[in-house]
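Accompanying notes for the structure given below.
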Amino acid sequence: MENQNLSLNHKPGHIKHDGHNITGFIIFLCSESIIFFAFFVGYSVLKISAPVWYPEGINGIDTKMPLINTVILVSSSFVIYFAEKYLHKKNLWGFRIVWFITMIMGSYFVYGQYVEWSELTFSLQSGAFGGMFYLLTGFHGLHVITGILLMILMLFRSFLPDNYKDGEMGVESVSLFWHFVDVIWIILFGLIYLWQ
Amino acid sequence: MTIVNYDPRLVKTKDPYPKGPNDWKRFFSFNTDAKVIGIQYIVTALFFLLIGGLLGMLIRGELITPPSDLFDPTVYNGLYTMHGTIMLFLFLFPILSGLTNLLVPPMIGAPDMAFPKLNALAFWLVPVFSIVLLISFFVPGGPASSGWWSYPPISIQNPLGKIINGEMLWIIAISLSGISSIIGAVNFVTTIIRMRAPGMGFFKMPIFIWTVLAAQLLQLLGLPALTGGAIMLFFDLTFQTSFFRVEGGGDPVLFQHFFWFYSHPAVYVMVLPVFGIFSELFPVYSRKPLFGYKFVAVASFGITILSLVVWVHHMFYTGTPMWMRNLFMFTTMLIAVPTGVKVFAWIATLWGGNIRLSTPMLFCLGGLFNFIFGGITGVMLATVPVDIHVGNTYFVVAHFHYIIFNTIAFGIFAAIYHWFPKFTGKMFYEGLGKVHFALTFIGATLNWLPLHWAGLLGMPRRVASYDPEFAIWNVLASIGAFILGVASIPFILNMVSSWVRGKSAPPNPWKAIGLEWLLPSPPPHENFEEDIPTVLNEPYCYGLDKPFVEDEQFYIEKSLKKS
């Protein structure tokens, strides 16, 4: 009786999750992209309609440092692809090393963002541009940090026995998320840095 | 237990509920069973219907006389803001999530939702944000008072200068509600796409499943825009940014775009499942196949797509350019086409049918009648000249309540009565149900029909005092509101007493077609377990010689044996 009662709430393996996770995650990412889309539309509308866009004393923002950042983030998307490949080939150490390289590249991006922020002369309160700039880069930065944390989790899990018994859903989802963060950055870079 | 049937598939089925459905403690735990979560949602939502209704009656109590005598006008502002917020985010969304949780897995033959733990998380966020929202009554300055749409610059004024204020708590509660809805939507869409019974192609799904899919996709596409707007509003309020402040180069109208891009489709998120409920119930209670099944199904997606491009009709009088007004007047009127398809299909289903006027059918017919009325005033409001004349008057309030209460809540009551025997295993008392319907219909009509006149004569909404020429309409409306309040008594009495000591329900009391009616009442934990039926036809073939599932007799016998 007691045993049956326990199994009421949790029956491992009975409801097959294979494939649901990826479907659910893709649906979630589509929804998440709408928040960014809303911010992008907000940025464009405010920029087009504002009589004075940049705060006083600023004519535009430097693109050199962000460009290096962009190159690193975009190439990390290719690196993570190879990490996934290694995992599919069951080359665990290859996966771990390349996965770690992706994490380093992501962390460098966050560091670069931090350096850029600390050198800027305007703040969150500097008009619509100041708010939009920090909102967009900050919200994207949060996603990058989330991605890195998820990667640490996946790296840790790769050392657990029986980790890939149910497939490689976790790694595939994180990799998908990383590509998503990457695409968002490319649009963001175009809007803020190229369209001045 | 003796086995009377020798079908080998019957022998291997274990008793699914060791402690039986009377184990009430599971309703207060982090339970991952969709049926438990569904009932948790519904009961929580009905509790907040009472609170929201109480606030509504306080509003009507203030408005029964022209001067502002019952409350201070500031308090009144808080009352209507919280009334709207509680009714939408704590009554309608949760109760529809509850019905969806109860109905989707059995209707498509799935054992549970795709992500049971996320499902439980989505529910438990509801009590969390309800507490955040209710706390705001007790912070200095009172709750949010800028209306449920929270337009800046009013919403970002923060006159007391406190960091924690009613408006900020409102934004946090709405964001948590958004997280809960997104988790729910991901879950529902994944479940419907991936976990249907064998043979159930898209054009064999029940209409309710179609409408849930359409509504939840709308949730996924629209809700993040409101979240984006809410984040920016939060920054403006708390960190003095200038997204919506004109003096810093911001644009208050931008918030209105973010808000209505979601909040107009939100009405369709709520009304689409109710269209599904109508489409399920009319065939059952008129014993006829649903007229134009495929058209009704596709029309749901027509509504989804169109509803994403109509939001500016809420902003005709906020400085919108002429071309935009014309464009959105056109798209708004276009939405009457798929909606009209559905209305005509329901009427054609009823036509010449063998109609049984039991409680669920009465609520459906009442809801359909009110929906046609509310739909016509909707087309009136879509017309730019009319809208500029009556915008922000009681005409809008009356139209809105005709859809949101007189249609959506009627459909929800119909669904609760219709599926009550299935999920509790008990029959409700028909007499009390009819009393509930009569009081609700009279109360709702008396409450909102007169307000159309008040609005056309020019009575503005959101005021605590008004010109005595509008008094007669407001007295009628207030009497209606109090009748609605009384109507909750037979409902609560019926639900509680029949659940506790009602007659046991057979598996299929209404002789309905549908996978959920092939299950025992109440259904076992994982619905069909390993014997998932193969679907052959859509579930509306009343009186036709088309079988619904393969080997139907086996499932009927199995459900009879277990009930």
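Labels used: A, B, ... for chains in the order of the structure tokens, numbers from 1 for residues in each chain, and numbers from 1 for ligands as shown.
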Pull out every residue of chain B sitting within 8 Å of chain A, counting only C-alpha atoms, and send them as an MDAnalysis selection string. chainID B and resid 16:19 31:33 111:112 114 182 186:187 189:190 194 220:222 224:225 227:229 239:243 248:251 254 258 525
I want to know what sits within 7 Å of Gly106 (chain A), based on only C-alpha atoms, with residues of the same chain fewer than 5 positions away left out; could you give that as a ChimeraX atom specification? /A:73,144,148
Considering only C-alpha atoms, can you say which of B:Thr377, B:Thr74, B:Thr211, B:Asn474 comes closest to Val298 (chain B)? B:Thr211
Separating CA of Leu99 (chain B) from CA of Tyr262 (chain B), to the nearest tenth of an Å, is a gap of 21.9 Å
Just how far from CA of Ala120 (chain B) is CA of Glu280 (chain B), in Å to one decimal?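 Distance reported for this atom pair: 26.8 Å.
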Can you list, as an MDAnalysis selection string, all residues belonging to region 134-186 of chain A that DSSP tags as alpha helix (DSSP H)? chainID A and resid 134:157 169:186
Could you take the residues named above and write them with C-alpha atoms, as a PDB file, in the first residue's frame?
```
ATOM      1  CA  TYR A 134      21.553  49.846 -20.488  1.00  0.00           C
ATOM      2  CA  LEU A 135      18.252  47.979 -20.698  1.00  0.00           C
ATOM      3  CA  LEU A 136      19.139  46.225 -23.968  1.00  0.00           C
ATOM      4  CA  THR A 137      22.781  45.419 -23.212  1.00  0.00           C
ATOM      5  CA  GLY A 138      21.942  44.538 -19.611  1.00  0.00           C
ATOM      6  CA  PHE A 139      19.044  42.253 -20.488  1.00  0.00           C
ATOM      7  CA  HIS A 140      21.168  40.545 -23.140  1.00  0.00           C
ATOM      8  CA  GLY A 141      24.081  40.305 -20.682  1.00  0.00           C
ATOM      9  CA  LEU A 142      21.804  38.546 -18.203  1.00  0.00           C
ATOM     10  CA  HIS A 143      21.048  35.987 -20.885  1.00  0.00           C
ATOM     11  CA  VAL A 144      24.770  35.456 -21.558  1.00  0.00           C
ATOM     12  CA  ILE A 145      25.405  34.949 -17.831  1.00  0.00           C
ATOM     13  CA  THR A 146      22.467  32.516 -17.662  1.00  0.00           C
ATOM     14  CA  GLY A 147      23.969  30.635 -20.614  1.00  0.00           C
ATOM     15  CA  ILE A 148      27.346  30.368 -18.887  1.00  0.00           C
ATOM     16  CA  LEU A 149      25.730  29.143 -15.660  1.00  0.00           C
ATOM     17  CA  LEU A 150      23.820  26.505 -17.620  1.00  0.00           C
ATOM     18  CA  MET A 151      27.089  25.437 -19.281  1.00  0.00           C
ATOM     19  CA  ILE A 152      28.767  25.044 -15.875  1.00  0.00           C
ATOM     20  CA  LEU A 153      25.831  22.861 -14.861  1.00  0.00           C
ATOM     21  CA  MET A 154      26.154  20.726 -18.001  1.00  0.00           C
ATOM     22  CA  LEU A 155      29.932  20.412 -17.539  1.00  0.00           C
ATOM     23  CA  PHE A 156      29.382  19.290 -13.960  1.00  0.00           C
ATOM     24  CA  ARG A 157      26.714  16.826 -15.054  1.00  0.00           C
ATOM     25  CA  MET A 169      18.740  16.913 -24.309  1.00  0.00           C
ATOM     26  CA  GLY A 170      20.357  19.217 -21.753  1.00  0.00           C
ATOM     27  CA  VAL A 171      23.445  19.933 -23.847  1.00  0.00           C
ATOM     28  CA  GLU A 172      21.364  20.388 -26.990  1.00  0.00           C
ATOM     29  CA  SER A 173      19.056  22.859 -25.214  1.00  0.00           C
ATOM     30  CA  VAL A 174      21.944  24.919 -23.828  1.00  0.00           C
ATOM     31  CA  SER A 175      23.570  24.975 -27.242  1.00  0.00           C
ATOM     32  CA  LEU A 176      20.298  26.148 -28.785  1.00  0.00           C
ATOM     33  CA  PHE A 177      20.043  28.832 -26.134  1.00  0.00           C
ATOM     34  CA  TRP A 178      23.581  29.981 -26.927  1.00  0.00           C
ATOM     35  CA  HIS A 179      22.771  30.330 -30.633  1.00  0.00           C
ATOM     36  CA  PHE A 180      19.673  32.308 -29.635  1.00  0.00           C
ATOM     37  CA  VAL A 181      21.709  34.687 -27.454  1.00  0.00           C
ATOM     38  CA  ASP A 182      24.112  35.078 -30.361  1.00  0.00           C
ATOM     39  CA  VAL A 183      21.439  35.987 -32.928  1.00  0.00           C
ATOM     40  CA  ILE A 184      19.904  38.496 -30.498  1.00  0.00           C
ATOM     41  CA  TRP A 185      23.319  40.123 -30.053  1.00  0.00           C
ATOM     42  CA  ILE A 186      23.808  40.499 -33.802  1.00  0.00           C
TER      43      ILE A 186
END
```
Atom-to-atom span, CA of Phe138 (chain B) and CA of Leu160 (chain B), Å: 14.3 Å
Which polymer residues have any atom within 12 Å of an atom of Trp93 (chain A), counting only C-alpha atoms, with same-chain residues fewer than 3 positions away left out, as number ranges by chain? A: 83-84, 86-87, 89-90, 96-100, 155, 158-159
I need the chosen residues saved as a CSV table (one decimal), in the first residue's frame, with C-alpha atoms.
```
chain,number,residue,atom,x,y,z
A,83,ALA,CA,31.4,20.5,-28.6
A,84,GLU,CA,28.0,19.1,-29.4
A,86,TYR,CA,32.1,15.5,-29.9
A,87,LEU,CA,29.3,14.5,-27.5
A,89,LYS,CA,30.5,10.9,-31.1
A,90,LYS,CA,30.8,9.9,-27.4
A,96,ARG,CA,34.5,18.9,-22.0
A,97,ILE,CA,37.5,20.8,-23.4
A,98,VAL,CA,35.6,22.5,-26.3
A,99,TRP,CA,32.6,23.2,-24.0
A,100,PHE,CA,35.0,24.9,-21.6
A,155,LEU,CA,29.9,20.4,-17.5
A,158,SER,CA,29.0,15.3,-17.7
A,159,PHE,CA,31.1,13.8,-14.8
```
Env of region 287-294 of chain B: 6 Å cut, atoms = only C-alpha atoms, seq-sep filter 4 positions within chain, self excluded. Answer as a list in words. Pro283, Ala345, Thr349, Asn354, Tyr540, Cys541 and Tyr542 of chain B
For Ile513 (chain B), please output as number ranges by chain all residues within 12 Å (counting only C-alpha atoms; exclusion window: fewer than 3 positions along the same chain). B: 107, 206, 280-281, 283-285, 287-290, 507-510, 516-519, 535, 537-544, 546-549, 552, 556
What does the file look like for those residues with N, CA and C atoms, as a compact mmCIF listing (two decimals), in the first residue's frame?
```txt
# COMPACT_ATOMS: atom_id res chain seq x y z
N MET B 107 -8.85 14.54 -22.99
CA MET B 107 -9.47 14.72 -24.30
C MET B 107 -8.58 14.25 -25.43
N PRO B 206 -10.85 17.48 -30.77
CA PRO B 206 -12.02 18.25 -30.35
C PRO B 206 -11.77 19.75 -30.55
N GLU B 280 -18.17 22.29 -27.86
CA GLU B 280 -18.29 20.95 -27.28
C GLU B 280 -19.71 20.69 -26.80
N LEU B 281 -20.32 21.73 -26.17
CA LEU B 281 -21.57 21.49 -25.46
C LEU B 281 -22.80 21.51 -26.36
N PRO B 283 -23.36 20.41 -29.47
CA PRO B 283 -23.71 19.11 -30.06
C PRO B 283 -24.25 18.12 -29.03
N VAL B 284 -23.67 18.13 -27.79
CA VAL B 284 -24.10 17.15 -26.79
C VAL B 284 -25.56 17.38 -26.43
N TYR B 285 -25.94 18.66 -26.19
CA TYR B 285 -27.28 18.93 -25.67
C TYR B 285 -28.30 19.17 -26.78
N ARG B 287 -27.97 16.93 -29.54
CA ARG B 287 -27.87 15.60 -30.18
C ARG B 287 -27.67 15.71 -31.68
N LYS B 288 -26.84 16.63 -32.11
CA LYS B 288 -26.57 16.76 -33.54
C LYS B 288 -25.07 16.94 -33.74
N PRO B 289 -24.51 16.54 -34.89
CA PRO B 289 -23.09 16.81 -35.14
C PRO B 289 -22.85 18.32 -35.18
N LEU B 290 -21.64 18.72 -34.80
CA LEU B 290 -21.27 20.13 -34.89
C LEU B 290 -21.28 20.54 -36.35
N PRO B 507 -20.03 6.96 -15.79
CA PRO B 507 -18.92 7.48 -16.60
C PRO B 507 -19.37 8.50 -17.65
N ASN B 508 -20.60 8.32 -18.17
CA ASN B 508 -21.01 9.21 -19.26
C ASN B 508 -22.44 9.68 -19.05
N PRO B 509 -22.67 10.58 -18.06
CA PRO B 509 -24.06 10.93 -17.72
C PRO B 509 -24.80 11.66 -18.83
N TRP B 510 -24.10 12.37 -19.72
CA TRP B 510 -24.79 13.16 -20.74
C TRP B 510 -24.86 12.43 -22.07
N GLU B 516 -12.71 11.78 -23.06
CA GLU B 516 -12.84 11.89 -21.61
C GLU B 516 -14.05 11.13 -21.10
N TRP B 517 -15.08 10.96 -21.94
CA TRP B 517 -16.28 10.25 -21.50
C TRP B 517 -16.13 8.74 -21.58
N LEU B 518 -15.00 8.26 -22.13
CA LEU B 518 -14.74 6.82 -22.13
C LEU B 518 -13.98 6.40 -20.88
N LEU B 519 -13.67 7.38 -20.02
CA LEU B 519 -12.93 7.09 -18.79
C LEU B 519 -13.92 6.95 -17.65
N VAL B 535 -8.16 6.79 -32.31
CA VAL B 535 -9.28 7.63 -32.70
C VAL B 535 -9.55 7.46 -34.19
N ASN B 537 -12.65 9.10 -35.71
CA ASN B 537 -13.39 10.26 -36.23
C ASN B 537 -13.38 11.39 -35.21
N GLU B 538 -13.76 12.59 -35.66
CA GLU B 538 -13.88 13.68 -34.70
C GLU B 538 -15.05 13.40 -33.76
N PRO B 539 -15.01 13.95 -32.52
CA PRO B 539 -15.99 13.52 -31.52
C PRO B 539 -17.35 14.20 -31.64
N TYR B 540 -17.86 14.39 -32.85
CA TYR B 540 -19.15 15.08 -32.97
C TYR B 540 -20.15 14.30 -33.81
N CYS B 541 -19.93 12.99 -33.97
CA CYS B 541 -20.78 12.24 -34.91
C CYS B 541 -22.04 11.74 -34.24
N TYR B 542 -22.85 12.66 -33.64
CA TYR B 542 -24.10 12.26 -33.01
C TYR B 542 -25.08 11.83 -34.09
N GLY B 543 -25.65 10.64 -33.90
CA GLY B 543 -26.66 10.17 -34.83
C GLY B 543 -26.11 9.72 -36.17
N LEU B 544 -24.80 9.75 -36.36
CA LEU B 544 -24.23 9.27 -37.60
C LEU B 544 -23.66 7.88 -37.35
N LYS B 546 -20.84 6.59 -37.62
CA LYS B 546 -19.38 6.63 -37.70
C LYS B 546 -18.81 6.32 -36.33
N PRO B 547 -18.01 5.26 -36.20
CA PRO B 547 -17.46 4.95 -34.88
C PRO B 547 -16.46 6.01 -34.46
N PHE B 548 -16.38 6.25 -33.13
CA PHE B 548 -15.49 7.29 -32.63
C PHE B 548 -14.08 6.74 -32.42
N VAL B 549 -13.97 5.61 -31.71
CA VAL B 549 -12.65 4.99 -31.53
C VAL B 549 -12.75 3.51 -31.88
N GLU B 552 -14.75 0.52 -29.23
CA GLU B 552 -15.34 1.43 -28.25
C GLU B 552 -15.95 0.66 -27.07
N ILE B 556 -15.91 1.33 -22.93
CA ILE B 556 -17.14 1.61 -22.17
C ILE B 556 -17.28 0.63 -21.02
```
Within 12 Å of Met361 (chain B) using only C-alpha atoms, minus same-chain residues under 2 positions, as an MDAnalysis selection string: chainID B and resid 277:287 350 355:359 363:368 410:418 430 433:434 437 510
Convert the current residue selection to file output with N, CA and C atoms, as an mmCIF file, in the first residue's frame.
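Below is the file that was written, result_13.cif:
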```cif
data_model
loop_
_atom_site.group_PDB
_atom_site.id
_atom_site.type_symbol
_atom_site.label_atom_id
_atom_site.label_comp_id
_atom_site.auth_asym_id
_atom_site.auth_seq_id
_atom_site.Cartn_x
_atom_site.Cartn_y
_atom_site.Cartn_z
ATOM 1 N N ILE B 277 -15.643 25.568 -25.558
ATOM 2 C CA ILE B 277 -16.646 24.973 -24.669
ATOM 3 C C ILE B 277 -18.013 24.988 -25.351
ATOM 4 N N PHE B 278 -18.376 26.120 -25.980
ATOM 5 C CA PHE B 278 -19.651 26.179 -26.712
ATOM 6 C C PHE B 278 -19.693 25.076 -27.772
ATOM 7 N N SER B 279 -18.586 24.937 -28.535
ATOM 8 C CA SER B 279 -18.576 23.951 -29.613
ATOM 9 C C SER B 279 -18.667 22.524 -29.085
ATOM 10 N N GLU B 280 -18.172 22.287 -27.856
ATOM 11 C CA GLU B 280 -18.288 20.950 -27.284
ATOM 12 C C GLU B 280 -19.709 20.691 -26.798
ATOM 13 N N LEU B 281 -20.317 21.728 -26.175
ATOM 14 C CA LEU B 281 -21.569 21.491 -25.461
ATOM 15 C C LEU B 281 -22.804 21.513 -26.362
ATOM 16 N N PHE B 282 -22.832 22.394 -27.368
ATOM 17 C CA PHE B 282 -24.031 22.462 -28.213
ATOM 18 C C PHE B 282 -24.353 21.121 -28.879
ATOM 19 N N PRO B 283 -23.362 20.408 -29.468
ATOM 20 C CA PRO B 283 -23.715 19.110 -30.057
ATOM 21 C C PRO B 283 -24.252 18.124 -29.025
ATOM 22 N N VAL B 284 -23.666 18.129 -27.787
ATOM 23 C CA VAL B 284 -24.101 17.150 -26.790
ATOM 24 C C VAL B 284 -25.562 17.379 -26.429
ATOM 25 N N TYR B 285 -25.936 18.658 -26.193
ATOM 26 C CA TYR B 285 -27.276 18.929 -25.674
ATOM 27 C C TYR B 285 -28.296 19.171 -26.777
ATOM 28 N N SER B 286 -27.869 19.127 -28.058
ATOM 29 C CA SER B 286 -28.896 19.137 -29.104
ATOM 30 C C SER B 286 -28.823 17.865 -29.943
ATOM 31 N N ARG B 287 -27.972 16.929 -29.540
ATOM 32 C CA ARG B 287 -27.869 15.603 -30.179
ATOM 33 C C ARG B 287 -27.668 15.709 -31.682
ATOM 34 N N LEU B 350 -27.713 24.003 -33.425
ATOM 35 C CA LEU B 350 -28.922 23.976 -32.607
ATOM 36 C C LEU B 350 -30.166 23.735 -33.448
ATOM 37 N N ILE B 355 -33.175 19.526 -28.270
ATOM 38 C CA ILE B 355 -32.474 20.325 -27.262
ATOM 39 C C ILE B 355 -32.913 19.960 -25.860
ATOM 40 N N ARG B 356 -31.907 19.684 -24.991
ATOM 41 C CA ARG B 356 -32.150 19.433 -23.576
ATOM 42 C C ARG B 356 -31.750 20.670 -22.801
ATOM 43 N N LEU B 357 -32.687 21.290 -22.071
ATOM 44 C CA LEU B 357 -32.358 22.529 -21.366
ATOM 45 C C LEU B 357 -31.856 22.256 -19.956
ATOM 46 N N SER B 358 -30.755 21.516 -19.846
ATOM 47 C CA SER B 358 -30.179 21.326 -18.515
ATOM 48 C C SER B 358 -29.236 22.485 -18.213
ATOM 49 N N THR B 359 -28.728 22.554 -16.972
ATOM 50 C CA THR B 359 -27.983 23.739 -16.535
ATOM 51 C C THR B 359 -26.826 24.112 -17.476
ATOM 52 N N PHE B 363 -26.564 27.779 -19.552
ATOM 53 C CA PHE B 363 -25.461 28.736 -19.496
ATOM 54 C C PHE B 363 -24.872 28.970 -20.887
ATOM 55 N N CYS B 364 -24.805 27.899 -21.712
ATOM 56 C CA CYS B 364 -24.275 28.047 -23.067
ATOM 57 C C CYS B 364 -25.168 28.953 -23.904
ATOM 58 N N LEU B 365 -26.490 28.692 -23.834
ATOM 59 C CA LEU B 365 -27.414 29.497 -24.636
ATOM 60 C C LEU B 365 -27.378 30.951 -24.174
ATOM 61 N N GLY B 366 -27.354 31.158 -22.841
ATOM 62 C CA GLY B 366 -27.266 32.511 -22.315
ATOM 63 C C GLY B 366 -25.983 33.183 -22.776
ATOM 64 N N GLY B 367 -24.896 32.444 -22.726
ATOM 65 C CA GLY B 367 -23.609 32.993 -23.146
ATOM 66 C C GLY B 367 -23.609 33.352 -24.617
ATOM 67 N N LEU B 368 -24.199 32.475 -25.454
ATOM 68 C CA LEU B 368 -24.233 32.751 -26.897
ATOM 69 C C LEU B 368 -25.066 33.998 -27.181
ATOM 70 N N PHE B 410 -20.013 32.938 -18.374
ATOM 71 C CA PHE B 410 -21.137 32.013 -18.619
ATOM 72 C C PHE B 410 -20.598 30.697 -19.184
ATOM 73 N N GLY B 411 -19.686 30.798 -20.153
ATOM 74 C CA GLY B 411 -19.100 29.587 -20.733
ATOM 75 C C GLY B 411 -18.358 28.780 -19.684
ATOM 76 N N ILE B 412 -17.653 29.489 -18.785
ATOM 77 C CA ILE B 412 -16.906 28.786 -17.734
ATOM 78 C C ILE B 412 -17.861 28.055 -16.800
ATOM 79 N N PHE B 413 -18.973 28.724 -16.426
ATOM 80 C CA PHE B 413 -19.949 28.046 -15.575
ATOM 81 C C PHE B 413 -20.527 26.826 -16.289
ATOM 82 N N ALA B 414 -20.809 26.985 -17.600
ATOM 83 C CA ALA B 414 -21.325 25.841 -18.365
ATOM 84 C C ALA B 414 -20.343 24.688 -18.297
ATOM 85 N N ALA B 415 -19.056 24.989 -18.485
ATOM 86 C CA ALA B 415 -18.041 23.941 -18.471
ATOM 87 C C ALA B 415 -17.941 23.300 -17.098
ATOM 88 N N ILE B 416 -18.013 24.127 -16.045
ATOM 89 C CA ILE B 416 -17.904 23.561 -14.695
ATOM 90 C C ILE B 416 -19.052 22.578 -14.452
ATOM 91 N N TYR B 417 -20.282 22.972 -14.835
ATOM 92 C CA TYR B 417 -21.411 22.059 -14.630
ATOM 93 C C TYR B 417 -21.282 20.822 -15.516
ATOM 94 N N HIS B 418 -20.875 21.012 -16.777
ATOM 95 C CA HIS B 418 -20.846 19.905 -17.725
ATOM 96 C C HIS B 418 -19.836 18.839 -17.304
ATOM 97 N N GLU B 430 -29.592 19.596 -10.114
ATOM 98 C CA GLU B 430 -30.065 20.324 -11.282
ATOM 99 C C GLU B 430 -30.882 21.566 -10.881
ATOM 100 N N GLY B 433 -28.759 24.390 -9.819
ATOM 101 C CA GLY B 433 -28.064 24.890 -11.001
ATOM 102 C C GLY B 433 -28.945 25.841 -11.785
ATOM 103 N N LYS B 434 -30.231 25.481 -11.920
ATOM 104 C CA LYS B 434 -31.140 26.345 -12.691
ATOM 105 C C LYS B 434 -31.380 27.661 -11.952
ATOM 106 N N PHE B 437 -28.432 29.748 -12.637
ATOM 107 C CA PHE B 437 -28.480 30.346 -13.982
ATOM 108 C C PHE B 437 -29.443 31.518 -14.017
ATOM 109 N N TRP B 510 -24.103 12.366 -19.717
ATOM 110 C CA TRP B 510 -24.793 13.159 -20.736
ATOM 111 C C TRP B 510 -24.860 12.429 -22.074
#
```
